[in-house]
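Participant: Next up is a structure, given as structure tokens.
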Amino acid sequence: MTPVILSLVMAALFRSPLALVMGVLGPAMVLGSWWESRRSHQKQHDREWETFARDTDRFESDRHTARALAQAEAERLHPPLLSQMRDPFWRDGVDSPSGARLGTGWWVPPPGHPLEGEESIPGMPGVVESHRGIALVGPEGAVSLWRLIVAHWALRATPEQRTALTPEVRRGGDLPRSFRGPSLAVWTSRLDHVPAECGIVVVPQGSRHLDVRDSAGITRTLLAEGLSQAEFCWIAKKLLPVSSDLATAGRLDLSRRDRLYVDVGDSTPWDLVAEGPHAVVWGATGSGKSVTLSSMVLSLAHRYSPSQLIVVIVDFKGGAGLSVIGRLPHVVGSVTDLDTGRASRALAGLAREMVSRERLLAEHGVGDISGLPYDVVCPRLVVAVDEAAWLLETFPAWSGTLSDVVARGRSLGIHVMIATQRIQGVLGPSVMANIALRVCGRISDDSEVTAWIPGVSPRRAEPLRNALPGVAIAVGAHRPPTDVTVVAGSGQHLPVGEPASWRVWAEELPTTVSQKANAWCLLDDQEARVHRLLSYDPATVGSVLVVGDRGSGKTSALAALARGCEDFAVLDSEPFVAWLQLVTAEPEQVCIIDDADELLNRAGPEGAQVLWDQLEHRAGPVLLSAKAESPQLRSLDRFAAHSVVLSIAKADASLVWGGWGPSIPGRGHYGPAPIQIVSGAVLRAADSVPAEPQGAVALAPIVLTQNLSGWEGVEVSWLGQPEGLLSQWSTLSPILFETPVLCEGISAREVQHATSGRVTIPALPVPEGMLVGSWKGKVFLTRLERWQH
């Protein structure tokens with residue numbers, strides 16, 4: 001109302017009707033503008049709300065569609081097993097999808113998935129990988145789930161592996177508690193009985209649910225599926241018709257990589273891959289364990305060439321137990337208790353062999369050696385161990401490696417065949433869980449058979465008490481207990497041929513290595529499992545530091561390295577002479593400093609810095625040697641691009657340098673690899689002191705000395721003490737550069753002060769009987785006799 005009153009006052013004052021009209025219409029216009037703005041905002045709000053609601057409905061629809069499509073796609077990829085096999089386009093084969101469906105459950109979209117961040121989707125197939133090994137831990141009531149697991153594993157198994165589904169099983173008999181397909185599947189009642197090979201553990205929770213735990217510790221809860229006995233029999237008949245039993249199989253196909261046929265004393269050979277993949281032979285002393293083990297390895301060698309099969313012998317009976325197979329061309333290494341030093345190398349070699357094979361499988365994208373292309377050379381490896389108890393007692397480290405090989409060796413093509421007097425206390429349950437091929441000879445206690453060969457009653461085991469050597473009971477993963485008789489193999493008809501070129505480990509380096517070409521050492525390449533001669537190329541390798549105790553072969557190592565240099569100079573042990581040699585050396589010339597730490601010690605603190613400055617400004621490489629406990633060693637190591645560590649007796653010093661303690665002369669390591677220095681090389685004697693500059697001796701020198709009487713008879717331009725030079729500075733300074741300046745017993749600091757910095761000599765100790773000279777900016781060493789005319 002204030003504008004109206006103001007307008008009336010103005011109308012009264014100015015007597016203007018227009019002011020009266022404006023006072024009335026102004027508020028009406030403001031009110032109208034406000035109402036119009038409010039209506040406009042309300043319409044905009046309504047339009048935006050309609051758009052939001054429409055977009056929300058579309059988003060929800062798309063979301064539900066995407067979730068439904070994801071579920072439909074998962075169902076298409078992993079349908080229930082019965083639905084899959086009822087499909088008219090179903091085809092049997094090992095190329096079936098690796099995922100095995102055990103039930104349904106909630107599924108959380110992983111990072112990167114279009115549905116990332118969405119709520120979990122119910123009813124999605126719960127799939128496990130069939131190549132990782134699975135263990136069902138549950139009571140007898142879980143039999144329907146076990147039928148489903150066995151059916152999935154049989155679907156992806158080879159025809160020979162499916163022979164475990166015997167006609168009795170296909171007709172509705174009891175299922176085996178262990179089945180070998182793409183991996184091991186077992187049914188046990190306790191978690192601590194789960195084999196190490198099984199990366200997936202399934203635990204039923206009630207009658208409808210189950211927990212699936214993988215090796216990463218992730219647990220999923222699924223609504224369980226299963227198979228009735230009739231459904232399983234129908235699937236088993238489709239997978240393995242009765243007419244395809246192993247008894248009707250034809251000749252052995254020795255070219256197949258997924259099989260390895262071995263004679264166990266039965267009428268037909270056994271497939272070590274399917275029935276093992278590892279074997280153990282046990283029995284009392286004299287029961288024929290070593291003979292059985294030798295016979296089994298010989299049968300393999302007669303069937304397969306060294307390009308298909310290689311053998312490592314670990315014989316802790318003095319080498320006599322497996323002496324017959326020691327002459328096979330397939331043998332690539334042997335370890336006995338008479339050469340215990342080789343046991344550690346063999347242990348490391350087996351570990352590297354496993355890593356090497358894992359890399360090979362990863363490069364070709366396969367999970368088993370049988371999946372490698374046939375043009376890729378990778379023979380199966382059999383590790384034959386005689387007297388395992390003595391081996392594990394003498395070398396406890398072998399226990400972990402053997403357990404690792406037994407657990408992971410199957411897919412890598414590594415098979416362990418062990419002979420031991422007894423299993424209890426030698427091979428633990430985790431090891432035995434992965435050894436399915438078991439052969440038991442004469443025993444003293446029935447429990448030694450019944451505890452380790454399932455299905456053998458005490459009555460059947462009783463004849464083994466007095467069994468002859470070679471008479472035994474054998475059992476495999478898919479073969480029932482069988483009476484076998486092993487015949488000793490003869491060494492007269494061994495297979496012949498080129499020895500295997502594959503290497504599991506390289507032998508110990510020799511104690512001496514003779515000169516060959518320009519090689520300076522023999523390197524033990526443990527990764528490639530060969531010995532290689534190394535040559536020294538200064539242009540590519542650069543500076544090298546040799547560290548070791550006195551007598552370790554440091555000088556010999558420098559001499560061997562020098563053989564690879566076209567031009568080199570051996571520096572003198574006198575610091576001043578060594579400095580002159582460094583100054584005058586050509587850039588491409590290799591400088592060699594033996595006992596560099598002693599040279600720096602003799603130079604003193606200031607002189608050592610002078611030598612360091614000259615070394616760091618050198619363009620060419622330097623070969624140095626030093627003791628392990630030298631104070632200057634760390635600086636020398638930073639200066640050198642590579643180091644050679646030889647014998648170091650003191651434990652803490654050896655540890656600092658990564659050495660292996662005291663060793664024979666010339667033995668050490670170059671980087672991480674062991675080496676043996678080539679013998680016979682001799683380091684040439686140090687070069688003579690560089691001569692004075694040409695023409696300097698013919699001139700009358702300026703002499704700085706405290707001993708004036710010693711220069712009688714020498715023609716000089718000036719003779720006196722350093723402080724006297726300053727008094728003649730106006731006369732001598734013009735000729736200071738063109739005239740030789742000789743210093744006797746004068747320090748570098750005094751020379752620099754006396755000449756106002758015009759003459760500079762290094763702060764190094766001067767060799768006895770010599771003088772320091774400077775002419776035209778060049779420093780040299782000389783003797784008094786050279787200037788006496």
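Every chain in the structure tokens takes a letter, A first, then B, and so on in the order presented; its residues are numbered from 1, and the ligands are numbered from 1 following the presented order.
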Quick one: residues within 8 Å of A:Pro693, only C-alpha atoms counted, chain neighbours fewer than 2 positions away excluded, as a list in words?

Facilitator: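 The contact residues come out as Ala691, Gly695, Ala696, Trp775, Lys778 and Phe780 of chain A.
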
Participant: So that I can see what lies close to A:Gly671, please list as a ChimeraX atom specification the residues with an atom at most 8 Å from it, counting only C-alpha atoms and leaving out residues fewer than 5 positions away in the same chain.

Facilitator: /A:642-644

Participant: How far is it from atom CA of A:Leu402 to atom CA of A:Leu464, in Å with one decimal?

Facilitator: 28.4 Å

Participant: Neighbouring residues of stretch 424-439 of chain A were defined as those with any atom within 6 Å, considering only C-alpha atoms; residues of the same chain fewer than 5 positions away were excluded. Please report them as a PDB file with N, CA, C and O atoms, in the first residue's frame.

Facilitator:
ATOM      1  N   PRO A 195      41.289 -84.521  -0.320  1.00  0.00           N
ATOM      2  CA  PRO A 195      42.616 -84.486  -0.942  1.00  0.00           C
ATOM      3  C   PRO A 195      43.008 -83.062  -1.317  1.00  0.00           C
ATOM      4  O   PRO A 195      42.162 -82.213  -1.599  1.00  0.00           O
ATOM      5  N   GLU A 275      45.008 -94.534 -13.772  1.00  0.00           N
ATOM      6  CA  GLU A 275      44.994 -95.367 -12.578  1.00  0.00           C
ATOM      7  C   GLU A 275      45.850 -94.799 -11.455  1.00  0.00           C
ATOM      8  O   GLU A 275      45.710 -95.213 -10.312  1.00  0.00           O
ATOM      9  N   GLY A 276      46.725 -93.886 -11.762  1.00  0.00           N
ATOM     10  CA  GLY A 276      47.604 -93.306 -10.751  1.00  0.00           C
ATOM     11  C   GLY A 276      47.065 -91.992 -10.204  1.00  0.00           C
ATOM     12  O   GLY A 276      46.173 -92.018  -9.360  1.00  0.00           O
ATOM     13  N   HIS A 278      50.109 -91.485  -9.836  1.00  0.00           N
ATOM     14  CA  HIS A 278      51.367 -91.850  -9.203  1.00  0.00           C
ATOM     15  C   HIS A 278      51.233 -93.269  -8.651  1.00  0.00           C
ATOM     16  O   HIS A 278      50.115 -93.796  -8.513  1.00  0.00           O
ATOM     17  N   ALA A 279      52.367 -93.876  -8.347  1.00  0.00           N
ATOM     18  CA  ALA A 279      52.353 -95.271  -7.899  1.00  0.00           C
ATOM     19  C   ALA A 279      53.233 -95.418  -6.664  1.00  0.00           C
ATOM     20  O   ALA A 279      54.238 -94.713  -6.511  1.00  0.00           O
ATOM     21  N   VAL A 280      52.845 -96.362  -5.792  1.00  0.00           N
ATOM     22  CA  VAL A 280      53.648 -96.687  -4.625  1.00  0.00           C
ATOM     23  C   VAL A 280      53.722 -98.210  -4.511  1.00  0.00           C
ATOM     24  O   VAL A 280      52.726 -98.908  -4.709  1.00  0.00           O
ATOM     25  N   VAL A 281      54.919 -98.703  -4.244  1.00  0.00           N
ATOM     26  CA  VAL A 281      55.163-100.133  -4.056  1.00  0.00           C
ATOM     27  C   VAL A 281      55.740-100.303  -2.659  1.00  0.00           C
ATOM     28  O   VAL A 281      56.736 -99.657  -2.316  1.00  0.00           O
ATOM     29  N   ALA A 389      61.800 -93.791   2.709  1.00  0.00           N
ATOM     30  CA  ALA A 389      61.957 -93.461   4.130  1.00  0.00           C
ATOM     31  C   ALA A 389      63.341 -92.898   4.403  1.00  0.00           C
ATOM     32  O   ALA A 389      63.493 -91.895   5.116  1.00  0.00           O
ATOM     33  N   SER A 403      55.485 -83.914  -1.979  1.00  0.00           N
ATOM     34  CA  SER A 403      54.055 -83.655  -1.772  1.00  0.00           C
ATOM     35  C   SER A 403      53.513 -82.730  -2.848  1.00  0.00           C
ATOM     36  O   SER A 403      52.405 -82.925  -3.364  1.00  0.00           O
ATOM     37  N   ILE A 473      49.517-107.584  -4.544  1.00  0.00           N
ATOM     38  CA  ILE A 473      48.154-107.132  -4.864  1.00  0.00           C
ATOM     39  C   ILE A 473      48.262-105.697  -5.346  1.00  0.00           C
ATOM     40  O   ILE A 473      48.908-104.858  -4.700  1.00  0.00           O
ATOM     41  N   ALA A 474      47.636-105.408  -6.487  1.00  0.00           N
ATOM     42  CA  ALA A 474      47.668-104.071  -7.066  1.00  0.00           C
ATOM     43  C   ALA A 474      46.252-103.536  -7.192  1.00  0.00           C
ATOM     44  O   ALA A 474      45.300-104.302  -7.425  1.00  0.00           O
ATOM     45  N   VAL A 475      46.099-102.244  -7.036  1.00  0.00           N
ATOM     46  CA  VAL A 475      44.812-101.581  -7.182  1.00  0.00           C
ATOM     47  C   VAL A 475      45.043-100.231  -7.843  1.00  0.00           C
ATOM     48  O   VAL A 475      46.111 -99.610  -7.669  1.00  0.00           O
ATOM     49  N   GLY A 476      44.083 -99.791  -8.649  1.00  0.00           N
ATOM     50  CA  GLY A 476      44.174 -98.499  -9.312  1.00  0.00           C
ATOM     51  C   GLY A 476      42.953 -97.660  -9.031  1.00  0.00           C
ATOM     52  O   GLY A 476      42.034 -98.070  -8.311  1.00  0.00           O
ATOM     53  N   ALA A 477      42.935 -96.476  -9.612  1.00  0.00           N
ATOM     54  CA  ALA A 477      41.803 -95.583  -9.394  1.00  0.00           C
ATOM     55  C   ALA A 477      40.517 -96.186  -9.928  1.00  0.00           C
ATOM     56  O   ALA A 477      39.436 -95.970  -9.365  1.00  0.00           O
TER      57      ALA A 477
END

Participant: Please determine, counting only C-alpha atoms, which residue among A:Lys516, A:Ala157, A:Asp315, A:Val377 has the shortest atom-to-atom distance to A:Leu391.

Facilitator: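 Under the stated criterion, the closest residue is A:Asp315.
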